[in-house]
$ cat run-v1.cif   # mmCIF, C-alpha atoms and all ligand atoms
data_coords
#
loop_
_atom_site.label_atom_id
_atom_site.label_comp_id
_atom_site.auth_asym_id
_atom_site.auth_seq_id
_atom_site.Cartn_x
_atom_site.Cartn_y
_atom_site.Cartn_z
CA MET B 1 117.47 56.76 0.59
CA THR B 2 120.93 55.38 -0.15
CA ILE B 3 121.05 51.73 -1.17
CA VAL B 4 124.25 49.73 -0.57
CA ARG B 5 124.66 47.02 -3.17
CA GLU B 6 127.32 44.32 -3.60
CA LYS B 7 129.18 44.83 -6.88
CA HIS B 8 132.48 42.88 -6.89
CA HIS B 9 133.06 39.59 -5.07
CA LEU B 10 136.08 39.35 -2.72
CA LEU B 11 137.82 36.77 -4.94
CA LEU B 12 137.44 39.01 -7.97
CA ARG B 13 138.79 42.02 -6.07
CA LEU B 14 141.77 40.09 -4.71
CA SER B 15 142.75 38.73 -8.10
CA HIS B 16 142.18 42.17 -9.69
CA TRP B 17 144.46 44.00 -7.24
CA LEU B 18 147.11 41.27 -7.33
CA ASN B 19 147.41 41.99 -11.05
CA VAL B 20 148.84 45.42 -10.30
CA PRO B 21 152.14 44.43 -8.56
CA LEU B 22 152.45 41.22 -10.60
CA LEU B 23 152.07 42.96 -13.97
CA THR B 24 154.40 45.77 -12.90
CA LEU B 25 157.07 43.17 -12.03
CA MET B 26 156.46 41.33 -15.31
CA ILE B 27 156.83 44.50 -17.38
CA TRP B 28 159.91 45.63 -15.47
CA SER B 29 161.68 42.26 -15.70
CA GLY B 30 160.60 41.98 -19.36
CA VAL B 31 162.30 45.31 -20.08
CA LEU B 32 165.50 44.00 -18.40
CA ILE B 33 165.43 40.95 -20.70
CA TYR B 34 164.61 43.04 -23.74
CA TRP B 35 167.41 45.49 -23.00
CA ALA B 36 170.01 42.72 -23.20
CA HIS B 37 169.39 42.60 -26.95
CA GLN B 38 172.62 43.68 -28.70
CA PRO B 39 171.42 46.93 -30.43
CA TYR B 40 170.29 48.47 -27.11
CA LEU B 41 173.74 47.99 -25.54
CA THR B 42 174.93 50.95 -27.62
CA ILE B 43 172.40 53.26 -25.90
CA PRO B 44 174.06 55.17 -23.01
CA ASP B 45 172.55 54.10 -19.72
CA ASP B 46 173.44 55.80 -16.46
CA LEU B 47 170.34 55.50 -14.34
CA GLY B 48 171.93 54.30 -11.09
CA PRO B 49 169.77 51.59 -9.47
CA PHE B 50 167.46 51.74 -12.54
CA GLU B 51 170.32 50.97 -14.92
CA LEU B 52 168.99 48.55 -17.55
CA HIS B 53 172.19 47.12 -19.05
CA HIS B 54 173.68 43.73 -18.09
CA ARG B 55 170.71 42.59 -15.98
CA LEU B 56 169.56 39.71 -18.19
CA ALA B 57 169.90 36.96 -15.54
CA GLU B 58 168.09 39.05 -12.93
CA GLY B 59 165.33 39.93 -15.41
CA MET B 60 164.84 36.29 -16.39
CA ALA B 61 164.74 35.10 -12.79
CA TRP B 62 161.97 37.59 -11.93
CA HIS B 63 160.08 37.08 -15.20
CA PHE B 64 159.90 33.29 -14.95
CA THR B 65 159.00 33.29 -11.24
CA VAL B 66 156.33 36.00 -11.33
CA MET B 67 154.89 34.45 -14.50
CA TRP B 68 153.65 31.46 -12.48
CA LEU B 69 152.00 33.70 -9.88
CA LEU B 70 150.29 35.63 -12.66
CA VAL B 71 149.10 32.40 -14.29
CA ILE B 72 147.73 31.11 -10.96
CA ASN B 73 146.02 34.46 -10.36
CA GLY B 74 144.59 34.42 -13.88
CA LEU B 75 143.23 30.89 -13.31
CA ILE B 76 141.56 32.00 -10.06
CA TYR B 77 139.92 34.95 -11.88
CA PHE B 78 138.92 32.73 -14.80
CA SER B 79 137.44 30.03 -12.49
CA TYR B 80 135.53 32.70 -10.59
CA LEU B 81 134.05 34.07 -13.84
CA CYS B 82 133.03 30.56 -14.94
CA PHE B 83 131.51 29.40 -11.64
CA SER B 84 129.75 32.66 -10.76
CA GLY B 85 128.33 33.06 -14.27
CA GLU B 86 129.88 36.55 -14.44
CA TRP B 87 131.56 35.62 -17.73
CA ARG B 88 128.21 36.68 -19.25
CA GLU B 89 129.00 40.27 -18.23
CA LEU B 90 132.23 40.20 -20.22
CA VAL B 91 131.66 38.13 -23.36
CA PRO B 92 130.96 40.60 -26.19
CA HIS B 93 127.65 40.51 -28.04
CA ARG B 94 127.31 40.82 -31.83
CA ARG B 95 127.05 44.61 -31.91
CA ILE B 96 129.89 45.25 -29.46
CA PHE B 97 132.12 47.30 -31.81
CA PRO B 98 129.50 49.87 -32.95
CA ASP B 99 127.99 49.96 -29.43
CA ALA B 100 131.37 50.54 -27.79
CA PHE B 101 132.16 53.26 -30.35
CA ARG B 102 128.81 54.98 -29.78
CA TYR B 103 129.24 54.72 -26.01
CA ILE B 104 132.69 56.37 -26.20
CA LEU B 105 131.22 59.24 -28.28
CA PHE B 106 128.43 59.57 -25.70
CA ASP B 107 130.89 59.45 -22.77
CA LEU B 108 133.06 62.14 -24.40
CA LYS B 109 129.88 64.21 -24.84
CA ILE B 110 130.35 64.25 -28.63
CA SER B 111 127.04 62.46 -29.08
CA ARG B 112 123.88 62.78 -26.97
CA THR B 113 122.56 59.27 -27.48
CA SER B 114 123.90 56.29 -25.61
CA PRO B 115 123.47 52.77 -27.00
CA GLU B 116 121.14 50.51 -25.00
CA TRP B 117 123.01 48.35 -22.48
CA SER B 118 122.34 46.46 -19.30
CA GLY B 119 124.44 44.62 -16.72
CA LYS B 120 127.61 45.45 -14.87
CA PHE B 121 129.65 47.08 -17.64
CA ASN B 122 128.93 49.50 -20.48
CA PRO B 123 129.82 48.30 -24.03
CA ALA B 124 133.22 50.09 -24.04
CA GLN B 125 134.20 48.47 -20.71
CA ARG B 126 132.94 45.08 -21.86
CA LEU B 127 135.10 45.27 -24.98
CA ALA B 128 138.13 46.61 -23.08
CA TYR B 129 137.97 43.98 -20.28
CA PHE B 130 137.37 41.12 -22.68
CA SER B 131 140.31 42.30 -24.80
CA ALA B 132 142.52 42.52 -21.70
CA ILE B 133 141.67 38.89 -20.85
CA LEU B 134 142.46 37.76 -24.43
CA LEU B 135 145.71 39.76 -24.45
CA SER B 136 146.77 38.21 -21.14
CA ILE B 137 146.13 34.71 -22.52
CA GLY B 138 148.06 35.67 -25.69
CA ALA B 139 150.98 36.99 -23.64
CA VAL B 140 151.18 33.77 -21.58
CA ILE B 141 150.93 31.40 -24.58
CA SER B 142 153.45 33.30 -26.73
CA GLY B 143 155.70 33.74 -23.67
CA LEU B 144 155.69 29.98 -23.00
CA ALA B 145 156.50 29.32 -26.67
CA ILE B 146 159.61 31.54 -26.61
CA TYR B 147 160.58 30.41 -23.08
CA LYS B 148 160.68 26.69 -24.03
CA PRO B 149 161.07 26.68 -27.84
CA VAL B 150 162.29 23.04 -27.93
CA THR B 151 159.98 21.41 -25.37
CA LEU B 152 156.99 23.38 -26.67
CA SER B 153 158.04 23.33 -30.33
CA PHE B 154 154.45 22.48 -31.38
CA LEU B 155 153.30 25.75 -29.82
CA LEU B 156 156.03 27.66 -31.60
CA THR B 157 155.06 26.09 -34.94
CA LEU B 158 151.40 26.87 -34.26
CA LEU B 159 152.25 30.53 -33.67
CA GLY B 160 154.32 30.76 -36.87
CA GLY B 161 157.88 30.44 -35.53
CA TYR B 162 160.12 32.12 -32.98
CA GLU B 163 160.15 35.63 -34.45
CA VAL B 164 156.34 35.72 -34.86
CA ALA B 165 155.83 34.39 -31.31
CA ARG B 166 158.24 37.04 -30.02
CA PHE B 167 156.33 39.72 -31.90
CA ILE B 168 152.97 38.45 -30.52
CA HIS B 169 154.43 38.51 -27.01
CA PHE B 170 155.63 42.09 -27.44
CA PHE B 171 152.36 43.15 -29.09
CA CYS B 172 150.25 41.67 -26.25
CA MET B 173 152.42 43.35 -23.63
CA MET B 174 152.30 46.78 -25.33
CA SER B 175 148.53 46.47 -25.82
CA LEU B 176 148.12 45.61 -22.13
CA VAL B 177 150.11 48.73 -21.22
CA LEU B 178 147.76 50.74 -23.45
CA PHE B 179 144.76 49.03 -21.82
CA ILE B 180 146.02 49.94 -18.32
CA PHE B 181 146.54 53.56 -19.41
CA LEU B 182 142.98 53.85 -20.82
CA HIS B 183 141.60 51.85 -17.87
CA LEU B 184 143.06 54.36 -15.40
CA ILE B 185 141.53 57.28 -17.32
CA GLN B 186 138.17 55.53 -17.34
CA VAL B 187 138.41 54.73 -13.61
CA ALA B 188 139.27 58.37 -12.84
CA ARG B 189 136.31 59.58 -14.92
CA ALA B 190 133.90 57.07 -13.34
CA GLY B 191 134.59 58.47 -9.89
CA TRP B 192 134.99 57.46 -6.27
CA ASN B 193 131.88 55.28 -5.88
CA ASN B 194 133.05 53.08 -8.74
CA PHE B 195 136.64 52.84 -7.43
CA ARG B 196 135.51 52.15 -3.86
CA ALA B 197 133.39 49.26 -5.15
CA MET B 198 136.54 47.59 -6.51
CA VAL B 199 138.18 48.02 -3.09
CA ALA B 200 135.32 47.39 -0.65
CA GLY B 201 133.02 45.36 -2.89
CA TYR B 202 129.96 47.61 -2.46
CA GLU B 203 128.59 50.57 -4.35
CA MET B 204 126.15 53.18 -3.12
CA GLU B 205 123.06 54.06 -5.07
CA LYS B 206 120.93 57.09 -4.26
C1 LIG B 301 146.10 50.92 -10.19
C2 LIG B 301 145.59 50.27 -11.23
C3 LIG B 301 144.15 49.91 -11.41
C4 LIG B 301 143.00 50.50 -10.93
C5 LIG B 301 142.88 51.78 -10.07
C6 LIG B 301 141.86 49.71 -11.40
C7 LIG B 301 140.54 49.95 -11.09
C8 LIG B 301 139.45 49.21 -11.52
C9 LIG B 301 138.06 49.45 -11.19
C10 LIG B 301 137.56 50.58 -10.28
C11 LIG B 301 137.32 48.50 -11.80
C12 LIG B 301 135.78 48.36 -11.76
C13 LIG B 301 135.17 49.05 -12.95
C14 LIG B 301 133.64 49.12 -12.85
O1 LIG B 301 133.04 48.43 -12.02
O2 LIG B 301 133.05 49.92 -13.60
C15 LIG B 301 138.21 47.63 -12.54
C16 LIG B 301 137.83 46.51 -13.26
C17 LIG B 301 138.70 45.72 -13.98
N1 LIG B 301 140.06 45.90 -14.10
FE1 LIG B 301 141.19 47.28 -13.15
N2 LIG B 301 142.34 48.67 -12.15
C18 LIG B 301 143.72 48.75 -12.19
C19 LIG B 301 144.60 47.89 -12.82
C20 LIG B 301 144.20 46.83 -13.61
C21 LIG B 301 145.11 45.93 -14.26
C22 LIG B 301 146.64 45.98 -14.18
C23 LIG B 301 144.34 45.03 -14.94
C24 LIG B 301 144.78 43.86 -15.78
C25 LIG B 301 145.47 43.99 -16.85
C26 LIG B 301 142.95 45.37 -14.72
C27 LIG B 301 141.87 44.70 -15.26
C28 LIG B 301 140.55 44.90 -14.92
C29 LIG B 301 139.46 44.05 -15.36
C30 LIG B 301 139.58 42.82 -16.27
C31 LIG B 301 138.30 44.54 -14.74
C32 LIG B 301 136.89 43.95 -14.81
C33 LIG B 301 136.78 43.00 -13.62
C34 LIG B 301 135.48 42.18 -13.57
O3 LIG B 301 135.47 41.07 -14.12
O4 LIG B 301 134.52 42.64 -12.91
N3 LIG B 301 142.90 46.46 -13.90
N4 LIG B 301 139.51 48.09 -12.34
#

$ encode --input "run-v1.cif" --output "structure tokens" --more "lines below"
Ligand code: HEM
Amino acid sequence: MTIVREKHHLLLRLSHWLNVPLLTLMIWSGVLIYWAHQPYLTIPDDLGPFELHHRLAEGMAWHFTVMWLLVINGLIYFSYLCFSGEWRELVPHRRIFPDAFRYILFDLKISRTSPEWSGKFNPAQRLAYFSAILLSIGAVISGLAIYKPVTLSFLLTLLGGYEVARFIHFFCMMSLVLFIFLHLIQVARAGWNNFRAMVAGYEMEK
């Protein structure tokens, strides 16, 4: 008999899927801002509508508008996790690093033994999703510090100055890109039932 079981709440699914266009816009507009940096202007650029040069104002307008939508979306996701108690599924336990490593070896069929785990996510997912949340918070905080370096000078000082904050911002963004890449591989490997649950909310169990 097939059992249909609720897996992801509507609010969680909405905020998850909203991340996709919002993050794409953030990364794209961030590249437009980044490309205005003097050294890159020497790189030939003839990509028609995707031309990157001289689009600083446009990049900033998109970046600083979409940022607020992403923050609001992040707050909705965060509030949902807090109120539903689902934060427990994501906060790493003490043995998360060795467990995640062992789970990856098991998943790649290099090892035959899987670490013990229970709940919604395996140890590798738990670590990856928790890291993605931390990286998103890091990207927003460092982004705010370099966006308003005078008004938020305390934040800039706390982060170690403008150059360090800029590096943190870039690091968080690149790590999020890496997360999305690995996330997509994991989603493809997990299969249709798992993907459908993030769309429809339910998973089937035989
Ligand atoms: C087209 C792109 C994406 C696809 C197809 C996708 C798919 C999925 C699926 C199927 C799950 C459920 C995993 C499971 O239950 O085992 C999931 C969870 C998750 N995804 Fe994505 N995702 C995408 C983009 C993103 C992006 C851009 C982010 C944010 C940076 C993200 C962050 C997360 C997080 C944090 C979870 C765990 C959600 C929870 O609290 O339950 N995903 N994703």

$ residues_around --input "run-v1.cif" --residues "segment 50-55 of chain B" --least-positions-apart "6" --cutoff "8 Å" --atoms "only C-alpha atoms" --output "PyMOL selection string"
chain B and resi 31-33+35-36+41

$ write_last_selection --input "run-v1.cif" --atoms "C-alpha atoms" --output "PDB file, keeping the file's coordinate frame"
ATOM      1  CA  VAL B  31     162.300  45.310 -20.080  1.00  0.00           C
ATOM      2  CA  LEU B  32     165.500  44.000 -18.400  1.00  0.00           C
ATOM      3  CA  ILE B  33     165.430  40.950 -20.700  1.00  0.00           C
ATOM      4  CA  TRP B  35     167.410  45.490 -23.000  1.00  0.00           C
ATOM      5  CA  ALA B  36     170.010  42.720 -23.200  1.00  0.00           C
ATOM      6  CA  LEU B  41     173.740  47.990 -25.540  1.00  0.00           C
TER       7      LEU B  41
END

$ axis_aligned_box --input "run-v1.cif" --around "segment 130-147 of chain B" --padding-each-side "4 Å" --output "lines of an AutoDock Vina configuration file"
center_x = 149.0
center_y = 35.9
center_z = -23.8
size_x = 31.2
size_y = 21.2
size_z = 13.9

$ closest_residue --input "run-v1.cif" --among "B:Leu155, B:Ala165, B:Ala124, B:Leu134" --to "Gln186 of chain B" --atoms "all atoms listed in the file"
B:Ala124

$ closest_atom_pairs --input "run-v1.cif" --of "chain B" --to "ligand LIG 301 (chain B)" --cutoff "9 Å" --atoms "only C-alpha atoms and all ligand atoms" --output "JSON lines"
{"residue": "B:Lys7", "atom": "CA", "partner": "B:LIG301", "partner_atom": "O1", "distance": 7.4}
{"residue": "B:His8", "atom": "CA", "partner": "B:LIG301", "partner_atom": "O4", "distance": 6.4}
{"residue": "B:His9", "atom": "CA", "partner": "B:LIG301", "partner_atom": "O4", "distance": 8.5}
{"residue": "B:Leu12", "atom": "CA", "partner": "B:LIG301", "partner_atom": "C34", "distance": 6.7}
{"residue": "B:Arg13", "atom": "CA", "partner": "B:LIG301", "partner_atom": "C33", "distance": 7.9}
{"residue": "B:His16", "atom": "CA", "partner": "B:LIG301", "partner_atom": "C26", "distance": 6.0}
{"residue": "B:Trp17", "atom": "CA", "partner": "B:LIG301", "partner_atom": "C19", "distance": 6.8}
{"residue": "B:Leu18", "atom": "CA", "partner": "B:LIG301", "partner_atom": "C22", "distance": 8.3}
{"residue": "B:Asn19", "atom": "CA", "partner": "B:LIG301", "partner_atom": "C22", "distance": 5.1}
{"residue": "B:Val20", "atom": "CA", "partner": "B:LIG301", "partner_atom": "C22", "distance": 4.5}
{"residue": "B:Pro21", "atom": "CA", "partner": "B:LIG301", "partner_atom": "C22", "distance": 8.0}
{"residue": "B:Leu22", "atom": "CA", "partner": "B:LIG301", "partner_atom": "C22", "distance": 8.3}
{"residue": "B:Leu23", "atom": "CA", "partner": "B:LIG301", "partner_atom": "C22", "distance": 6.2}
{"residue": "B:Thr24", "atom": "CA", "partner": "B:LIG301", "partner_atom": "C22", "distance": 7.9}
{"residue": "B:Tyr77", "atom": "CA", "partner": "B:LIG301", "partner_atom": "O3", "distance": 7.9}
{"residue": "B:Leu81", "atom": "CA", "partner": "B:LIG301", "partner_atom": "O3", "distance": 7.1}
{"residue": "B:Glu86", "atom": "CA", "partner": "B:LIG301", "partner_atom": "O3", "distance": 7.2}
{"residue": "B:Trp87", "atom": "CA", "partner": "B:LIG301", "partner_atom": "O3", "distance": 7.6}
{"residue": "B:Glu89", "atom": "CA", "partner": "B:LIG301", "partner_atom": "O3", "distance": 7.7}
{"residue": "B:Leu90", "atom": "CA", "partner": "B:LIG301", "partner_atom": "O3", "distance": 7.0}
{"residue": "B:Lys120", "atom": "CA", "partner": "B:LIG301", "partner_atom": "O1", "distance": 6.8}
{"residue": "B:Phe121", "atom": "CA", "partner": "B:LIG301", "partner_atom": "O2", "distance": 6.0}
{"residue": "B:Asn122", "atom": "CA", "partner": "B:LIG301", "partner_atom": "O2", "distance": 8.0}
{"residue": "B:Gln125", "atom": "CA", "partner": "B:LIG301", "partner_atom": "O2", "distance": 7.3}
{"residue": "B:Arg126", "atom": "CA", "partner": "B:LIG301", "partner_atom": "C32", "distance": 8.2}
{"residue": "B:Ala128", "atom": "CA", "partner": "B:LIG301", "partner_atom": "C30", "distance": 7.9}
{"residue": "B:Tyr129", "atom": "CA", "partner": "B:LIG301", "partner_atom": "C30", "distance": 4.5}
{"residue": "B:Phe130", "atom": "CA", "partner": "B:LIG301", "partner_atom": "C30", "distance": 7.0}
{"residue": "B:Ser131", "atom": "CA", "partner": "B:LIG301", "partner_atom": "C30", "distance": 8.6}
{"residue": "B:Ala132", "atom": "CA", "partner": "B:LIG301", "partner_atom": "C25", "distance": 5.9}
{"residue": "B:Ile133", "atom": "CA", "partner": "B:LIG301", "partner_atom": "C30", "distance": 6.4}
{"residue": "B:Leu135", "atom": "CA", "partner": "B:LIG301", "partner_atom": "C25", "distance": 8.7}
{"residue": "B:Ser136", "atom": "CA", "partner": "B:LIG301", "partner_atom": "C25", "distance": 7.3}
{"residue": "B:Leu176", "atom": "CA", "partner": "B:LIG301", "partner_atom": "C25", "distance": 6.1}
{"residue": "B:Val177", "atom": "CA", "partner": "B:LIG301", "partner_atom": "C25", "distance": 7.9}
{"residue": "B:Phe179", "atom": "CA", "partner": "B:LIG301", "partner_atom": "C25", "distance": 7.1}
{"residue": "B:Ile180", "atom": "CA", "partner": "B:LIG301", "partner_atom": "C22", "distance": 5.8}
{"residue": "B:Phe181", "atom": "CA", "partner": "B:LIG301", "partner_atom": "C2", "distance": 8.9}
{"residue": "B:His183", "atom": "CA", "partner": "B:LIG301", "partner_atom": "FE1", "distance": 6.6}
{"residue": "B:Leu184", "atom": "CA", "partner": "B:LIG301", "partner_atom": "C4", "distance": 5.9}
{"residue": "B:Gln186", "atom": "CA", "partner": "B:LIG301", "partner_atom": "C13", "distance": 8.4}
{"residue": "B:Val187", "atom": "CA", "partner": "B:LIG301", "partner_atom": "C10", "distance": 5.4}
{"residue": "B:Ala188", "atom": "CA", "partner": "B:LIG301", "partner_atom": "C5", "distance": 8.0}
{"residue": "B:Ala190", "atom": "CA", "partner": "B:LIG301", "partner_atom": "O2", "distance": 7.2}
{"residue": "B:Gly191", "atom": "CA", "partner": "B:LIG301", "partner_atom": "C10", "distance": 8.4}
{"residue": "B:Trp192", "atom": "CA", "partner": "B:LIG301", "partner_atom": "C10", "distance": 8.4}
{"residue": "B:Asn193", "atom": "CA", "partner": "B:LIG301", "partner_atom": "C10", "distance": 8.6}
{"residue": "B:Asn194", "atom": "CA", "partner": "B:LIG301", "partner_atom": "C10", "distance": 5.4}
{"residue": "B:Phe195", "atom": "CA", "partner": "B:LIG301", "partner_atom": "C10", "distance": 3.8}
{"residue": "B:Arg196", "atom": "CA", "partner": "B:LIG301", "partner_atom": "C10", "distance": 6.9}
{"residue": "B:Ala197", "atom": "CA", "partner": "B:LIG301", "partner_atom": "C10", "distance": 6.7}
{"residue": "B:Met198", "atom": "CA", "partner": "B:LIG301", "partner_atom": "C10", "distance": 4.9}
{"residue": "B:Val199", "atom": "CA", "partner": "B:LIG301", "partner_atom": "C10", "distance": 7.7}

$ residues_around --input "run-v1.cif" --residues "Ala139 of chain B" --least-positions-apart "3" --cutoff "8 Å" --atoms "all atoms listed in the file" --output "short mmCIF file (atom, residue, chain, number, x, y, z; two decimals) with C-alpha atoms, keeping the file's coordinate frame"
data_model
loop_
_atom_site.label_atom_id
_atom_site.label_comp_id
_atom_site.auth_asym_id
_atom_site.auth_seq_id
_atom_site.Cartn_x
_atom_site.Cartn_y
_atom_site.Cartn_z
CA LEU B 135 145.71 39.76 -24.45
CA SER B 136 146.77 38.21 -21.14
CA SER B 142 153.45 33.30 -26.73
CA GLY B 143 155.70 33.74 -23.67
CA ILE B 168 152.97 38.45 -30.52
CA HIS B 169 154.43 38.51 -27.01
CA PHE B 170 155.63 42.09 -27.44
CA CYS B 172 150.25 41.67 -26.25
CA MET B 173 152.42 43.35 -23.63
#

$ atom_distance --input "run-v1.cif" --atom1 "atom CA of Gly85 of chain B" --atom2 "atom CA of Gly201 of chain B"
17.4 Å

$ atom_distance --input "run-v1.cif" --atom1 "atom CA of Ile104 of chain B" --atom2 "atom CA of Met204 of chain B"
24.2 Å

$ closest_residue --input "run-v1.cif" --among "B:Glu205, B:Glu163, B:Asp107, B:Glu58" --to "Val4 of chain B" --atoms "all atoms listed in the file"
B:Glu205

$ closest_residue --input "run-v1.cif" --among "B:Leu144, B:Ile76, B:Cys82, B:Leu178" --to "Tyr162 of chain B" --atoms "all atoms listed in the file"
B:Leu144

$ decode --input "run-v1.cif" --residues "segment 105-116 of chain B" --atoms "N, CA and C atoms" --output "PDB file, in the first residue's frame"
ATOM      1  N   LEU B 105      30.355   9.150   1.838  1.00  0.00           N
ATOM      2  CA  LEU B 105      31.046   7.931   1.375  1.00  0.00           C
ATOM      3  C   LEU B 105      30.038   6.820   1.094  1.00  0.00           C
ATOM      4  N   PHE B 106      29.034   6.718   1.976  1.00  0.00           N
ATOM      5  CA  PHE B 106      27.993   5.697   1.821  1.00  0.00           C
ATOM      6  C   PHE B 106      27.166   5.980   0.555  1.00  0.00           C
ATOM      7  N   ASP B 107      26.794   7.262   0.380  1.00  0.00           N
ATOM      8  CA  ASP B 107      25.961   7.662  -0.749  1.00  0.00           C
ATOM      9  C   ASP B 107      26.693   7.439  -2.080  1.00  0.00           C
ATOM     10  N   LEU B 108      28.022   7.644  -2.052  1.00  0.00           N
ATOM     11  CA  LEU B 108      28.815   7.444  -3.275  1.00  0.00           C
ATOM     12  C   LEU B 108      29.180   5.966  -3.469  1.00  0.00           C
ATOM     13  N   LYS B 109      28.686   5.143  -2.568  1.00  0.00           N
ATOM     14  CA  LYS B 109      28.918   3.683  -2.596  1.00  0.00           C
ATOM     15  C   LYS B 109      30.388   3.320  -2.382  1.00  0.00           C
ATOM     16  N   ILE B 110      31.140   4.223  -1.737  1.00  0.00           N
ATOM     17  CA  ILE B 110      32.539   3.926  -1.405  1.00  0.00           C
ATOM     18  C   ILE B 110      32.564   3.118  -0.108  1.00  0.00           C
ATOM     19  N   SER B 111      31.615   3.410   0.770  1.00  0.00           N
ATOM     20  CA  SER B 111      31.518   2.654   2.018  1.00  0.00           C
ATOM     21  C   SER B 111      30.139   1.975   2.078  1.00  0.00           C
ATOM     22  N   ARG B 112      30.068   0.856   2.821  1.00  0.00           N
ATOM     23  CA  ARG B 112      28.788   0.134   2.879  1.00  0.00           C
ATOM     24  C   ARG B 112      27.974   0.484   4.113  1.00  0.00           C
ATOM     25  N   THR B 113      28.629   1.194   5.069  1.00  0.00           N
ATOM     26  CA  THR B 113      27.899   1.495   6.297  1.00  0.00           C
ATOM     27  C   THR B 113      27.500   2.965   6.355  1.00  0.00           C
ATOM     28  N   SER B 114      26.230   3.147   6.654  1.00  0.00           N
ATOM     29  CA  SER B 114      25.721   4.522   6.793  1.00  0.00           C
ATOM     30  C   SER B 114      25.707   4.885   8.281  1.00  0.00           C
ATOM     31  N   PRO B 115      26.020   6.150   8.612  1.00  0.00           N
ATOM     32  CA  PRO B 115      25.886   6.525  10.029  1.00  0.00           C
ATOM     33  C   PRO B 115      24.415   6.516  10.426  1.00  0.00           C
ATOM     34  N   GLU B 116      24.150   6.328  11.709  1.00  0.00           N
ATOM     35  CA  GLU B 116      22.765   6.354  12.211  1.00  0.00           C
ATOM     36  C   GLU B 116      22.215   7.766  12.071  1.00  0.00           C
TER      37      GLU B 116
END
